[in-house]
Amino acid sequence: MQAHAGNGVVVGHLPEETITLEDVQRILTPLQQFARSHAGSLVVLQCEERWKRHLPVFGPPQPAWPLMRRIKQTFDPHNVLNPGVFLDRPMTEDGVAVSAGQPPETTKA
């Protein structure tokens, strides 16, 4: 865990050798609730690619996201820049990507 005084940013790392998607979800859920209850959010900086559609990697949806989507559509109408990332991903109200893909493997990373 690493905290930055003054800006409220805390960076945490999970042990790679013991983490499955279920472990990550179990750890992240209370941390996300804590961050939300203090007007913050939790953003996943790095994780297994196959897990991203199952985790709210950008935190809960924010009020500015619809505006950000419209701006991206205006400046990138052909969806060339980072297709399928962040604003292009349909999400649940908890910020989890909606995907028709297969569930991820649950084995250790």
# chains A, B, ... in the order shown; residues from 1 in each chain; ligands from 1
>>> residues_around(residues="A:Leu81", least_positions_apart="4", cutoff="9 Å", atoms="only C-alpha atoms", output="tab-separated table (two decimals) with C-alpha atoms, in the first residue's frame")
chain	number	residue	atom	x	y	z
A	72	LYS	CA	-15.40	11.14	-27.79
A	76	ASP	CA	-13.57	10.05	-32.86
A	85	VAL	CA	-12.05	0.83	-23.72
>>> closest_residue(among="A:Asn7, A:Phe58, A:Leu67, A:Leu14", to="A:Gln32", atoms="only C-alpha atoms")
A:Phe58
>>> atom_distance(atom1="atom CA of A:Glu49", atom2="atom CA of A:Leu31")
21.0 Å
>>> atom_distance(atom1="atom CA of A:Arg70", atom2="atom CA of A:Val44")
23.9 Å
>>> select_by_dssp(residues="stretch 5-104 of chain A", states="alpha helix (DSSP H)", output="list in words")
Leu21, Glu22, Asp23, Val24, Gln25, Arg26, Ile27, Leu28, Thr29, Pro30, Leu31, Gln32, Gln33, Phe34, Ala35, Arg36, Ser37, Trp65, Pro66, Leu67, Met68, Arg69, Arg70, Ile71, Lys72, Gln73, Thr74 and Phe75 of chain A
>>> write_last_selection(atoms="N, CA and C atoms", output="PDB file, in the first residue's frame")
ATOM      1  N   LEU A  21      -9.918 -14.308  -9.895  1.00  0.00           N
ATOM      2  CA  LEU A  21     -10.933 -13.287 -10.089  1.00  0.00           C
ATOM      3  C   LEU A  21     -11.839 -13.187  -8.862  1.00  0.00           C
ATOM      4  N   GLU A  22     -12.218 -14.328  -8.310  1.00  0.00           N
ATOM      5  CA  GLU A  22     -13.084 -14.324  -7.131  1.00  0.00           C
ATOM      6  C   GLU A  22     -12.392 -13.647  -5.946  1.00  0.00           C
ATOM      7  N   ASP A  23     -11.097 -13.907  -5.769  1.00  0.00           N
ATOM      8  CA  ASP A  23     -10.339 -13.249  -4.697  1.00  0.00           C
ATOM      9  C   ASP A  23     -10.350 -11.736  -4.892  1.00  0.00           C
ATOM     10  N   VAL A  24     -10.093 -11.310  -6.120  1.00  0.00           N
ATOM     11  CA  VAL A  24     -10.050  -9.878  -6.420  1.00  0.00           C
ATOM     12  C   VAL A  24     -11.400  -9.240  -6.139  1.00  0.00           C
ATOM     13  N   GLN A  25     -12.480  -9.868  -6.587  1.00  0.00           N
ATOM     14  CA  GLN A  25     -13.814  -9.318  -6.348  1.00  0.00           C
ATOM     15  C   GLN A  25     -14.111  -9.234  -4.859  1.00  0.00           C
ATOM     16  N   ARG A  26     -13.713 -10.249  -4.109  1.00  0.00           N
ATOM     17  CA  ARG A  26     -13.943 -10.271  -2.660  1.00  0.00           C
ATOM     18  C   ARG A  26     -13.158  -9.153  -1.966  1.00  0.00           C
ATOM     19  N   ILE A  27     -11.965  -8.867  -2.444  1.00  0.00           N
ATOM     20  CA  ILE A  27     -11.141  -7.809  -1.857  1.00  0.00           C
ATOM     21  C   ILE A  27     -11.631  -6.427  -2.291  1.00  0.00           C
ATOM     22  N   LEU A  28     -11.965  -6.270  -3.580  1.00  0.00           N
ATOM     23  CA  LEU A  28     -12.348  -4.960  -4.109  1.00  0.00           C
ATOM     24  C   LEU A  28     -13.695  -4.458  -3.611  1.00  0.00           C
ATOM     25  N   THR A  29     -14.653  -5.337  -3.427  1.00  0.00           N
ATOM     26  CA  THR A  29     -16.008  -4.903  -3.070  1.00  0.00           C
ATOM     27  C   THR A  29     -16.031  -4.012  -1.825  1.00  0.00           C
ATOM     28  N   PRO A  30     -15.468  -4.433  -0.682  1.00  0.00           N
ATOM     29  CA  PRO A  30     -15.503  -3.540   0.480  1.00  0.00           C
ATOM     30  C   PRO A  30     -14.666  -2.278   0.287  1.00  0.00           C
ATOM     31  N   LEU A  31     -13.574  -2.370  -0.465  1.00  0.00           N
ATOM     32  CA  LEU A  31     -12.758  -1.184  -0.729  1.00  0.00           C
ATOM     33  C   LEU A  31     -13.523  -0.181  -1.587  1.00  0.00           C
ATOM     34  N   GLN A  32     -14.260  -0.673  -2.585  1.00  0.00           N
ATOM     35  CA  GLN A  32     -15.079   0.206  -3.420  1.00  0.00           C
ATOM     36  C   GLN A  32     -16.170   0.865  -2.592  1.00  0.00           C
ATOM     37  N   GLN A  33     -16.804   0.099  -1.720  1.00  0.00           N
ATOM     38  CA  GLN A  33     -17.861   0.659  -0.868  1.00  0.00           C
ATOM     39  C   GLN A  33     -17.286   1.724   0.058  1.00  0.00           C
ATOM     40  N   PHE A  34     -16.114   1.470   0.622  1.00  0.00           N
ATOM     41  CA  PHE A  34     -15.465   2.445   1.491  1.00  0.00           C
ATOM     42  C   PHE A  34     -15.148   3.723   0.712  1.00  0.00           C
ATOM     43  N   ALA A  35     -14.557   3.575  -0.459  1.00  0.00           N
ATOM     44  CA  ALA A  35     -14.208   4.749  -1.273  1.00  0.00           C
ATOM     45  C   ALA A  35     -15.461   5.544  -1.624  1.00  0.00           C
ATOM     46  N   ARG A  36     -16.519   4.866  -2.045  1.00  0.00           N
ATOM     47  CA  ARG A  36     -17.767   5.539  -2.395  1.00  0.00           C
ATOM     48  C   ARG A  36     -18.371   6.272  -1.208  1.00  0.00           C
ATOM     49  N   SER A  37     -18.307   5.653  -0.023  1.00  0.00           N
ATOM     50  CA  SER A  37     -18.895   6.278   1.170  1.00  0.00           C
ATOM     51  C   SER A  37     -18.130   7.529   1.600  1.00  0.00           C
ATOM     52  N   TRP A  65     -19.768  11.060 -17.369  1.00  0.00           N
ATOM     53  CA  TRP A  65     -19.487  10.065 -18.409  1.00  0.00           C
ATOM     54  C   TRP A  65     -20.336  10.234 -19.667  1.00  0.00           C
ATOM     55  N   PRO A  66     -21.637  10.524 -19.580  1.00  0.00           N
ATOM     56  CA  PRO A  66     -22.395  10.729 -20.828  1.00  0.00           C
ATOM     57  C   PRO A  66     -21.830  11.886 -21.663  1.00  0.00           C
ATOM     58  N   LEU A  67     -21.441  12.962 -21.005  1.00  0.00           N
ATOM     59  CA  LEU A  67     -20.836  14.080 -21.725  1.00  0.00           C
ATOM     60  C   LEU A  67     -19.505  13.647 -22.347  1.00  0.00           C
ATOM     61  N   MET A  68     -18.702  12.907 -21.596  1.00  0.00           N
ATOM     62  CA  MET A  68     -17.424  12.426 -22.109  1.00  0.00           C
ATOM     63  C   MET A  68     -17.631  11.516 -23.320  1.00  0.00           C
ATOM     64  N   ARG A  69     -18.682  10.680 -23.284  1.00  0.00           N
ATOM     65  CA  ARG A  69     -19.002   9.818 -24.428  1.00  0.00           C
ATOM     66  C   ARG A  69     -19.324  10.652 -25.665  1.00  0.00           C
ATOM     67  N   ARG A  70     -20.137  11.692 -25.483  1.00  0.00           N
ATOM     68  CA  ARG A  70     -20.500  12.548 -26.618  1.00  0.00           C
ATOM     69  C   ARG A  70     -19.278  13.261 -27.186  1.00  0.00           C
ATOM     70  N   ILE A  71     -18.389  13.704 -26.324  1.00  0.00           N
ATOM     71  CA  ILE A  71     -17.167  14.353 -26.796  1.00  0.00           C
ATOM     72  C   ILE A  71     -16.319  13.364 -27.589  1.00  0.00           C
ATOM     73  N   LYS A  72     -16.176  12.148 -27.060  1.00  0.00           N
ATOM     74  CA  LYS A  72     -15.396  11.136 -27.786  1.00  0.00           C
ATOM     75  C   LYS A  72     -16.039  10.835 -29.131  1.00  0.00           C
ATOM     76  N   GLN A  73     -17.357  10.692 -29.180  1.00  0.00           N
ATOM     77  CA  GLN A  73     -18.037  10.417 -30.448  1.00  0.00           C
ATOM     78  C   GLN A  73     -17.847  11.564 -31.437  1.00  0.00           C
ATOM     79  N   THR A  74     -17.805  12.790 -30.926  1.00  0.00           N
ATOM     80  CA  THR A  74     -17.609  13.948 -31.797  1.00  0.00           C
ATOM     81  C   THR A  74     -16.205  13.946 -32.406  1.00  0.00           C
ATOM     82  N   PHE A  75     -15.192  13.711 -31.592  1.00  0.00           N
ATOM     83  CA  PHE A  75     -13.816  13.774 -32.068  1.00  0.00           C
ATOM     84  C   PHE A  75     -13.291  12.455 -32.630  1.00  0.00           C
TER      85      PHE A  75
END
>>> residues_around(residues="A:Gly12", least_positions_apart="5", cutoff="10 Å", atoms="only C-alpha atoms", output="JSON, numbers by chain")
{"A": [1, 2, 3, 44, 45]}
>>> atom_distance(atom1="atom CA of A:Pro56", atom2="atom CA of A:Leu42")
8.5 Å
>>> decode(residues="stretch 5-83 of chain A", atoms="C-alpha atoms", output="compact mmCIF listing (two decimals), in the first residue's frame")
# COMPACT_ATOMS: atom_id res chain seq x y z
CA ALA A 5 -0.40 12.84 1.37
CA GLY A 6 -2.52 15.77 0.33
CA ASN A 7 -4.29 14.31 -2.71
CA GLY A 8 -6.01 11.28 -1.23
CA VAL A 9 -4.58 8.81 -3.75
CA VAL A 10 -3.82 5.37 -2.35
CA VAL A 11 -2.18 2.72 -4.51
CA GLY A 12 -2.44 -0.91 -3.48
CA HIS A 13 -1.04 -4.09 -4.96
CA LEU A 14 -2.46 -7.57 -4.59
CA PRO A 15 -0.14 -10.60 -4.40
CA GLU A 16 -0.09 -12.07 -7.91
CA GLU A 17 0.63 -15.64 -6.88
CA THR A 18 -2.55 -16.06 -4.84
CA ILE A 19 -5.13 -14.05 -6.76
CA THR A 20 -8.10 -15.39 -8.71
CA LEU A 21 -10.93 -13.29 -10.09
CA GLU A 22 -13.08 -14.32 -7.13
CA ASP A 23 -10.34 -13.25 -4.70
CA VAL A 24 -10.05 -9.88 -6.42
CA GLN A 25 -13.81 -9.32 -6.35
CA ARG A 26 -13.94 -10.27 -2.66
CA ILE A 27 -11.14 -7.81 -1.86
CA LEU A 28 -12.35 -4.96 -4.11
CA THR A 29 -16.01 -4.90 -3.07
CA PRO A 30 -15.50 -3.54 0.48
CA LEU A 31 -12.76 -1.18 -0.73
CA GLN A 32 -15.08 0.21 -3.42
CA GLN A 33 -17.86 0.66 -0.87
CA PHE A 34 -15.47 2.45 1.49
CA ALA A 35 -14.21 4.75 -1.27
CA ARG A 36 -17.77 5.54 -2.39
CA SER A 37 -18.90 6.28 1.17
CA HIS A 38 -16.11 8.88 1.36
CA ALA A 39 -16.94 10.51 -2.02
CA GLY A 40 -14.09 8.67 -3.73
CA SER A 41 -13.71 5.87 -6.21
CA LEU A 42 -11.52 2.88 -6.75
CA VAL A 43 -9.81 2.45 -10.12
CA VAL A 44 -8.02 -0.75 -11.13
CA LEU A 45 -4.77 0.31 -12.79
CA GLN A 46 -3.64 -3.14 -13.87
CA CYS A 47 -5.18 -6.60 -13.95
CA GLU A 48 -5.51 -9.69 -16.09
CA GLU A 49 -6.96 -8.66 -19.45
CA ARG A 50 -9.60 -11.42 -19.28
CA TRP A 51 -10.88 -10.02 -15.95
CA LYS A 52 -11.50 -6.46 -17.14
CA ARG A 53 -15.01 -7.17 -18.39
CA HIS A 54 -15.92 -8.53 -14.94
CA LEU A 55 -14.45 -5.76 -12.76
CA PRO A 56 -15.39 -2.08 -12.47
CA VAL A 57 -11.88 -1.07 -13.53
CA PHE A 58 -12.82 2.62 -13.92
CA GLY A 59 -14.84 2.79 -10.73
CA PRO A 60 -18.56 3.49 -10.59
CA PRO A 61 -20.06 5.48 -13.48
CA GLN A 62 -19.74 9.22 -12.94
CA PRO A 63 -22.23 11.96 -13.87
CA ALA A 64 -19.79 13.34 -16.47
CA TRP A 65 -19.49 10.07 -18.41
CA PRO A 66 -22.39 10.73 -20.83
CA LEU A 67 -20.84 14.08 -21.73
CA MET A 68 -17.42 12.43 -22.11
CA ARG A 69 -19.00 9.82 -24.43
CA ARG A 70 -20.50 12.55 -26.62
CA ILE A 71 -17.17 14.35 -26.80
CA LYS A 72 -15.40 11.14 -27.79
CA GLN A 73 -18.04 10.42 -30.45
CA THR A 74 -17.61 13.95 -31.80
CA PHE A 75 -13.82 13.77 -32.07
CA ASP A 76 -13.57 10.05 -32.86
CA PRO A 77 -16.72 9.19 -34.87
CA HIS A 78 -15.12 6.05 -36.33
CA ASN A 79 -14.03 4.78 -32.89
CA VAL A 80 -10.37 4.51 -33.88
CA LEU A 81 -8.88 5.64 -30.56
CA ASN A 82 -8.97 2.92 -27.87
CA PRO A 83 -12.00 1.04 -29.23
